[in-house]
Amino acid sequence: MRVRNFGHAGRVPVVGQGTWKMEHDDRAEAIAALGRGLDLGLVHVDTAELYGSGVVEELVAEAIAGRRDEVFLVSKVMPDHATHAGTLRACEQSLRRLRTDRLDCYLLHWPGRHPLEGTLRAFEELVRAGKIRSWGVSNFDTGELDEALRIAGPGRIACNQVLYHLGERAVELEVLPWCERHGVTLVGYSPFGSGRFPRADSAGGRVLDDVARAHGATARQVALAFLVRHPATLAIPKAARVAHAEDCAGAGDLELTEDEARRIAEAFPLPRRRGGLPTL
Ligand code: NAP
């Protein structure tokens with residue numbers, strides 16, 4: 001499993017595990033899938049207070065019970081809670097639901113109405129208190145990243161978690177270069193299009209299958225390998241089935257040739273012009 005910097009916050013494998021909507025999955029199977037993912041090195045586990053209104057954090061707690069030190073655990077504060085006091089409170093509640101004493105990274109889920117100064121001041125206090133090891137942001141466009149950098153100074157923002165999959169590569173245009181310039185890791189969410197993965201009988205699907213065959217891999221493994229081809233990116237697929245977690249883990253060592261990456265990039269082209277930051 002290849003590993004990369006997570007901003008300044010440590011090293012993590014290129015593929016992690018998402019948990020959005022896991023409250024709707026078979027609970028025992030989802031917990032088993034997360035555990036199997038950990039066994040196979042998918043130790044970056046991404047959750048949020050938003051997910052199932054806290055139910056998913058409780059499920060994650062069960063999956064990582066007795067294994068906390070193996071895990072790079074990330075959760076997120078909802079923008080509506082992200083005042084200074086609200087952020088401190090939300091973090092305590094996430095720690096309680098996750099049955100742990102610290103997060104490896106804590107994110108603002110998306111830019112909201114509360115001034116960023118208060119949120120980031122709370123994040124820094126949580127770092128000093130040892131309750132979080134680092135902090136980052138999510139769904140931040142370059143202007144918002146500029147503001148966060150102005151407030152926090154260099155070397156503080158560990159990651160920006162943004163939508164990034166084969167059908168949605170807009171972040172490569174400006175957000176990824178911004179992240180690279182400032183040592184911020186781009187964590188790509190919904191790497192399989194959140195359930196809208198290219199069909200095998202589509203033109204793009206045929207390219208993926210072709211590359212997959214050359215490596216004895218699957219199309220999804222090829223997609224993940226493409227998304228993490230850049231050294232500043234990570235991907236966090238969500239798998240609530242053991243077989244899916246095993247498949248995702250198989251992407252951790254898959255490296256594409258330049259020619260394969262070029263063919264995939266042509267089959268799933270960048271947008272011509274940059275619009276706003278894509279989100280789900
Ligand atoms: P995704 O990872 O793009 O796709 C998940 C879907 O793919 C599920 O239906 C899953 O099925 C299926 N799947 C996973 N591995 C598979 C495999 N190897 N073969 C076949 N199917 C497979 O979707 P996502 O949940 O939207 O995104 C991933 C994570 O990113 C989230 O869970 C969350 O942690 C994070 N996220 C963050 C934000 C944000 O605003 N910051 C927004 C969205 C997502 P099963 O579940 O049945 O295994």
# chains A, B, ... in the order shown; residues from 1 in each chain; ligands from 1
>>> residues_around(residues="Arg96 (chain A)", least_positions_apart="6", cutoff="12 Å", atoms="only C-alpha atoms", output="PyMOL selection string")
chain A and resi 49+54-55+57-58+60-61+89-90+102-103+131
>>> closest_atom_pairs(of="chain A", to="ligand 1", cutoff="7 Å", atoms="only C-alpha atoms and all ligand atoms", output="CSV")
residue,atom,partner,partner_atom_place_in_ligand_line,distance
A:Gln17,CA,ligand 1,34 (O),6.8
A:Gly18,CA,ligand 1,34 (O),3.2
A:Thr19,CA,ligand 1,32 (O),3.9
A:Trp20,CA,ligand 1,32 (O),3.6
A:Lys21,CA,ligand 1,32 (O),6.8
A:Asp46,CA,ligand 1,34 (O),4.8
A:Thr47,CA,ligand 1,34 (O),5.3
A:His109,CA,ligand 1,41 (N),5.6
A:Trp110,CA,ligand 1,40 (O),6.7
A:Ser138,CA,ligand 1,41 (N),5.3
A:Asn139,CA,ligand 1,40 (O),6.2
A:Gln161,CA,ligand 1,41 (N),5.5
A:Val162,CA,ligand 1,41 (N),6.1
A:Leu163,CA,ligand 1,42 (C),6.8
A:Tyr189,CA,ligand 1,30 (O),3.8
A:Ser190,CA,ligand 1,27 (O),3.1
A:Pro191,CA,ligand 1,3 (O),4.2
A:Phe192,CA,ligand 1,3 (O),3.3
A:Gly193,CA,ligand 1,3 (O),4.3
A:Ser194,CA,ligand 1,23 (O),3.3
A:Gly195,CA,ligand 1,6 (C),4.5
A:Arg220,CA,ligand 1,18 (N),6.0
A:Ile236,CA,ligand 1,29 (C),5.3
A:Pro237,CA,ligand 1,2 (O),3.4
A:Lys238,CA,ligand 1,2 (O),4.0
A:Ala239,CA,ligand 1,48 (O),3.4
A:Ala240,CA,ligand 1,48 (O),3.8
A:Arg241,CA,ligand 1,48 (O),4.3
A:Ala243,CA,ligand 1,18 (N),6.9
A:His244,CA,ligand 1,18 (N),3.7
A:Ala245,CA,ligand 1,18 (N),6.1
A:Asp247,CA,ligand 1,18 (N),4.4
A:Cys248,CA,ligand 1,18 (N),5.0
A:Leu280,CA,ligand 1,42 (C),6.3
>>> atom_distance(atom1="CA of Ala63 (chain A)", atom2="CA of Thr185 (chain A)")
25.5 Å
>>> atom_distance(atom1="CA of Gly41 (chain A)", atom2="CA of Val211 (chain A)")
24.0 Å
>>> decode(residues="region 106-119 of chain A", atoms="all heavy atoms", output="PDB file, in the first residue's frame")
ATOM      1  N   TYR A 106      -9.395  17.099  11.867  1.00  0.00           N
ATOM      2  CA  TYR A 106     -10.772  17.577  12.058  1.00  0.00           C
ATOM      3  C   TYR A 106     -11.038  18.625  10.988  1.00  0.00           C
ATOM      4  O   TYR A 106     -10.249  19.572  10.829  1.00  0.00           O
ATOM      5  CB  TYR A 106     -10.888  18.202  13.456  1.00  0.00           C
ATOM      6  CG  TYR A 106     -12.304  18.412  13.964  1.00  0.00           C
ATOM      7  CD1 TYR A 106     -13.332  17.520  13.659  1.00  0.00           C
ATOM      8  CD2 TYR A 106     -12.600  19.490  14.789  1.00  0.00           C
ATOM      9  CE1 TYR A 106     -14.615  17.703  14.154  1.00  0.00           C
ATOM     10  CE2 TYR A 106     -13.885  19.675  15.308  1.00  0.00           C
ATOM     11  CZ  TYR A 106     -14.877  18.781  14.976  1.00  0.00           C
ATOM     12  OH  TYR A 106     -16.151  18.959  15.474  1.00  0.00           O
ATOM     13  N   LEU A 107     -12.138  18.455  10.254  1.00  0.00           N
ATOM     14  CA  LEU A 107     -12.393  19.318   9.101  1.00  0.00           C
ATOM     15  C   LEU A 107     -13.646  20.161   9.289  1.00  0.00           C
ATOM     16  O   LEU A 107     -14.622  19.708   9.907  1.00  0.00           O
ATOM     17  CB  LEU A 107     -12.610  18.465   7.838  1.00  0.00           C
ATOM     18  CG  LEU A 107     -11.641  17.332   7.519  1.00  0.00           C
ATOM     19  CD1 LEU A 107     -11.982  16.732   6.159  1.00  0.00           C
ATOM     20  CD2 LEU A 107     -10.222  17.805   7.547  1.00  0.00           C
ATOM     21  N   LEU A 108     -13.626  21.344   8.689  1.00  0.00           N
ATOM     22  CA  LEU A 108     -14.866  22.104   8.499  1.00  0.00           C
ATOM     23  C   LEU A 108     -15.519  21.533   7.243  1.00  0.00           C
ATOM     24  O   LEU A 108     -14.910  21.534   6.163  1.00  0.00           O
ATOM     25  CB  LEU A 108     -14.552  23.597   8.336  1.00  0.00           C
ATOM     26  CG  LEU A 108     -15.762  24.490   8.011  1.00  0.00           C
ATOM     27  CD1 LEU A 108     -16.838  24.408   9.097  1.00  0.00           C
ATOM     28  CD2 LEU A 108     -15.303  25.936   7.824  1.00  0.00           C
ATOM     29  N   HIS A 109     -16.753  21.043   7.361  1.00  0.00           N
ATOM     30  CA  HIS A 109     -17.366  20.232   6.291  1.00  0.00           C
ATOM     31  C   HIS A 109     -17.561  21.017   4.984  1.00  0.00           C
ATOM     32  O   HIS A 109     -17.419  20.475   3.901  1.00  0.00           O
ATOM     33  CB  HIS A 109     -18.703  19.663   6.777  1.00  0.00           C
ATOM     34  CG  HIS A 109     -19.062  18.342   6.178  1.00  0.00           C
ATOM     35  ND1 HIS A 109     -19.674  17.337   6.872  1.00  0.00           N
ATOM     36  CD2 HIS A 109     -18.895  17.850   4.918  1.00  0.00           C
ATOM     37  CE1 HIS A 109     -19.875  16.306   6.078  1.00  0.00           C
ATOM     38  NE2 HIS A 109     -19.412  16.586   4.885  1.00  0.00           N
ATOM     39  N   TRP A 110     -17.942  22.271   5.087  1.00  0.00           N
ATOM     40  CA  TRP A 110     -17.973  23.176   3.929  1.00  0.00           C
ATOM     41  C   TRP A 110     -18.035  24.597   4.471  1.00  0.00           C
ATOM     42  O   TRP A 110     -18.339  24.791   5.651  1.00  0.00           O
ATOM     43  CB  TRP A 110     -19.133  22.854   2.968  1.00  0.00           C
ATOM     44  CG  TRP A 110     -20.526  22.998   3.517  1.00  0.00           C
ATOM     45  CD1 TRP A 110     -21.290  24.130   3.529  1.00  0.00           C
ATOM     46  CD2 TRP A 110     -21.360  21.965   4.107  1.00  0.00           C
ATOM     47  NE1 TRP A 110     -22.522  23.875   4.104  1.00  0.00           N
ATOM     48  CE2 TRP A 110     -22.595  22.550   4.454  1.00  0.00           C
ATOM     49  CE3 TRP A 110     -21.160  20.603   4.383  1.00  0.00           C
ATOM     50  CZ2 TRP A 110     -23.622  21.828   5.066  1.00  0.00           C
ATOM     51  CZ3 TRP A 110     -22.203  19.892   4.991  1.00  0.00           C
ATOM     52  CH2 TRP A 110     -23.404  20.494   5.317  1.00  0.00           C
ATOM     53  N   PRO A 111     -17.717  25.590   3.643  1.00  0.00           N
ATOM     54  CA  PRO A 111     -17.717  26.967   4.143  1.00  0.00           C
ATOM     55  C   PRO A 111     -19.138  27.370   4.530  1.00  0.00           C
ATOM     56  O   PRO A 111     -20.081  27.090   3.790  1.00  0.00           O
ATOM     57  CB  PRO A 111     -17.253  27.794   2.941  1.00  0.00           C
ATOM     58  CG  PRO A 111     -16.738  26.830   1.933  1.00  0.00           C
ATOM     59  CD  PRO A 111     -17.364  25.508   2.208  1.00  0.00           C
ATOM     60  N   GLY A 112     -19.297  27.999   5.671  1.00  0.00           N
ATOM     61  CA  GLY A 112     -20.643  28.335   6.148  1.00  0.00           C
ATOM     62  C   GLY A 112     -20.770  29.793   6.507  1.00  0.00           C
ATOM     63  O   GLY A 112     -19.962  30.624   6.094  1.00  0.00           O
ATOM     64  N   ARG A 113     -21.807  30.084   7.317  1.00  0.00           N
ATOM     65  CA  ARG A 113     -22.117  31.488   7.593  1.00  0.00           C
ATOM     66  C   ARG A 113     -21.307  32.041   8.759  1.00  0.00           C
ATOM     67  O   ARG A 113     -21.242  33.251   8.945  1.00  0.00           O
ATOM     68  CB  ARG A 113     -23.617  31.633   7.865  1.00  0.00           C
ATOM     69  CG  ARG A 113     -24.089  30.886   9.102  1.00  0.00           C
ATOM     70  CD  ARG A 113     -25.605  30.747   9.143  1.00  0.00           C
ATOM     71  NE  ARG A 113     -25.988  29.663  10.022  1.00  0.00           N
ATOM     72  CZ  ARG A 113     -26.370  29.820  11.275  1.00  0.00           C
ATOM     73  NH1 ARG A 113     -26.432  31.020  11.814  1.00  0.00           N
ATOM     74  NH2 ARG A 113     -26.702  28.769  12.009  1.00  0.00           N
ATOM     75  N   HIS A 114     -20.721  31.169   9.578  1.00  0.00           N
ATOM     76  CA  HIS A 114     -19.975  31.684  10.731  1.00  0.00           C
ATOM     77  C   HIS A 114     -18.567  32.089  10.301  1.00  0.00           C
ATOM     78  O   HIS A 114     -17.945  31.385   9.493  1.00  0.00           O
ATOM     79  CB  HIS A 114     -19.894  30.622  11.836  1.00  0.00           C
ATOM     80  CG  HIS A 114     -21.233  30.255  12.391  1.00  0.00           C
ATOM     81  ND1 HIS A 114     -22.091  31.197  12.951  1.00  0.00           N
ATOM     82  CD2 HIS A 114     -21.887  29.069  12.463  1.00  0.00           C
ATOM     83  CE1 HIS A 114     -23.193  30.605  13.345  1.00  0.00           C
ATOM     84  NE2 HIS A 114     -23.108  29.311  13.060  1.00  0.00           N
ATOM     85  N   PRO A 115     -18.055  33.210  10.855  1.00  0.00           N
ATOM     86  CA  PRO A 115     -16.714  33.652  10.437  1.00  0.00           C
ATOM     87  C   PRO A 115     -15.660  32.566  10.657  1.00  0.00           C
ATOM     88  O   PRO A 115     -15.633  31.913  11.707  1.00  0.00           O
ATOM     89  CB  PRO A 115     -16.441  34.863  11.337  1.00  0.00           C
ATOM     90  CG  PRO A 115     -17.788  35.328  11.786  1.00  0.00           C
ATOM     91  CD  PRO A 115     -18.674  34.111  11.825  1.00  0.00           C
ATOM     92  N   LEU A 116     -14.826  32.398   9.640  1.00  0.00           N
ATOM     93  CA  LEU A 116     -13.819  31.338   9.672  1.00  0.00           C
ATOM     94  C   LEU A 116     -12.828  31.532  10.825  1.00  0.00           C
ATOM     95  O   LEU A 116     -12.285  30.556  11.364  1.00  0.00           O
ATOM     96  CB  LEU A 116     -13.099  31.333   8.314  1.00  0.00           C
ATOM     97  CG  LEU A 116     -12.266  30.131   7.934  1.00  0.00           C
ATOM     98  CD1 LEU A 116     -13.067  28.831   7.996  1.00  0.00           C
ATOM     99  CD2 LEU A 116     -11.684  30.315   6.530  1.00  0.00           C
ATOM    100  N   GLU A 117     -12.602  32.790  11.217  1.00  0.00           N
ATOM    101  CA  GLU A 117     -11.659  33.062  12.315  1.00  0.00           C
ATOM    102  C   GLU A 117     -12.002  32.237  13.554  1.00  0.00           C
ATOM    103  O   GLU A 117     -11.126  31.659  14.199  1.00  0.00           O
ATOM    104  CB  GLU A 117     -11.661  34.548  12.717  1.00  0.00           C
ATOM    105  CG  GLU A 117     -10.827  35.445  11.850  1.00  0.00           C
ATOM    106  CD  GLU A 117     -11.597  35.934  10.625  1.00  0.00           C
ATOM    107  OE1 GLU A 117     -12.737  35.448  10.392  1.00  0.00           O
ATOM    108  OE2 GLU A 117     -11.044  36.764   9.881  1.00  0.00           O
ATOM    109  N   GLY A 118     -13.302  32.219  13.903  1.00  0.00           N
ATOM    110  CA  GLY A 118     -13.728  31.512  15.116  1.00  0.00           C
ATOM    111  C   GLY A 118     -13.504  30.013  15.005  1.00  0.00           C
ATOM    112  O   GLY A 118     -13.035  29.356  15.948  1.00  0.00           O
ATOM    113  N   THR A 119     -13.820  29.465  13.844  1.00  0.00           N
ATOM    114  CA  THR A 119     -13.642  28.020  13.630  1.00  0.00           C
ATOM    115  C   THR A 119     -12.159  27.653  13.748  1.00  0.00           C
ATOM    116  O   THR A 119     -11.798  26.704  14.452  1.00  0.00           O
ATOM    117  CB  THR A 119     -14.128  27.613  12.211  1.00  0.00           C
ATOM    118  OG1 THR A 119     -15.369  28.245  11.939  1.00  0.00           O
ATOM    119  CG2 THR A 119     -14.253  26.112  12.083  1.00  0.00           C
TER     120      THR A 119
END
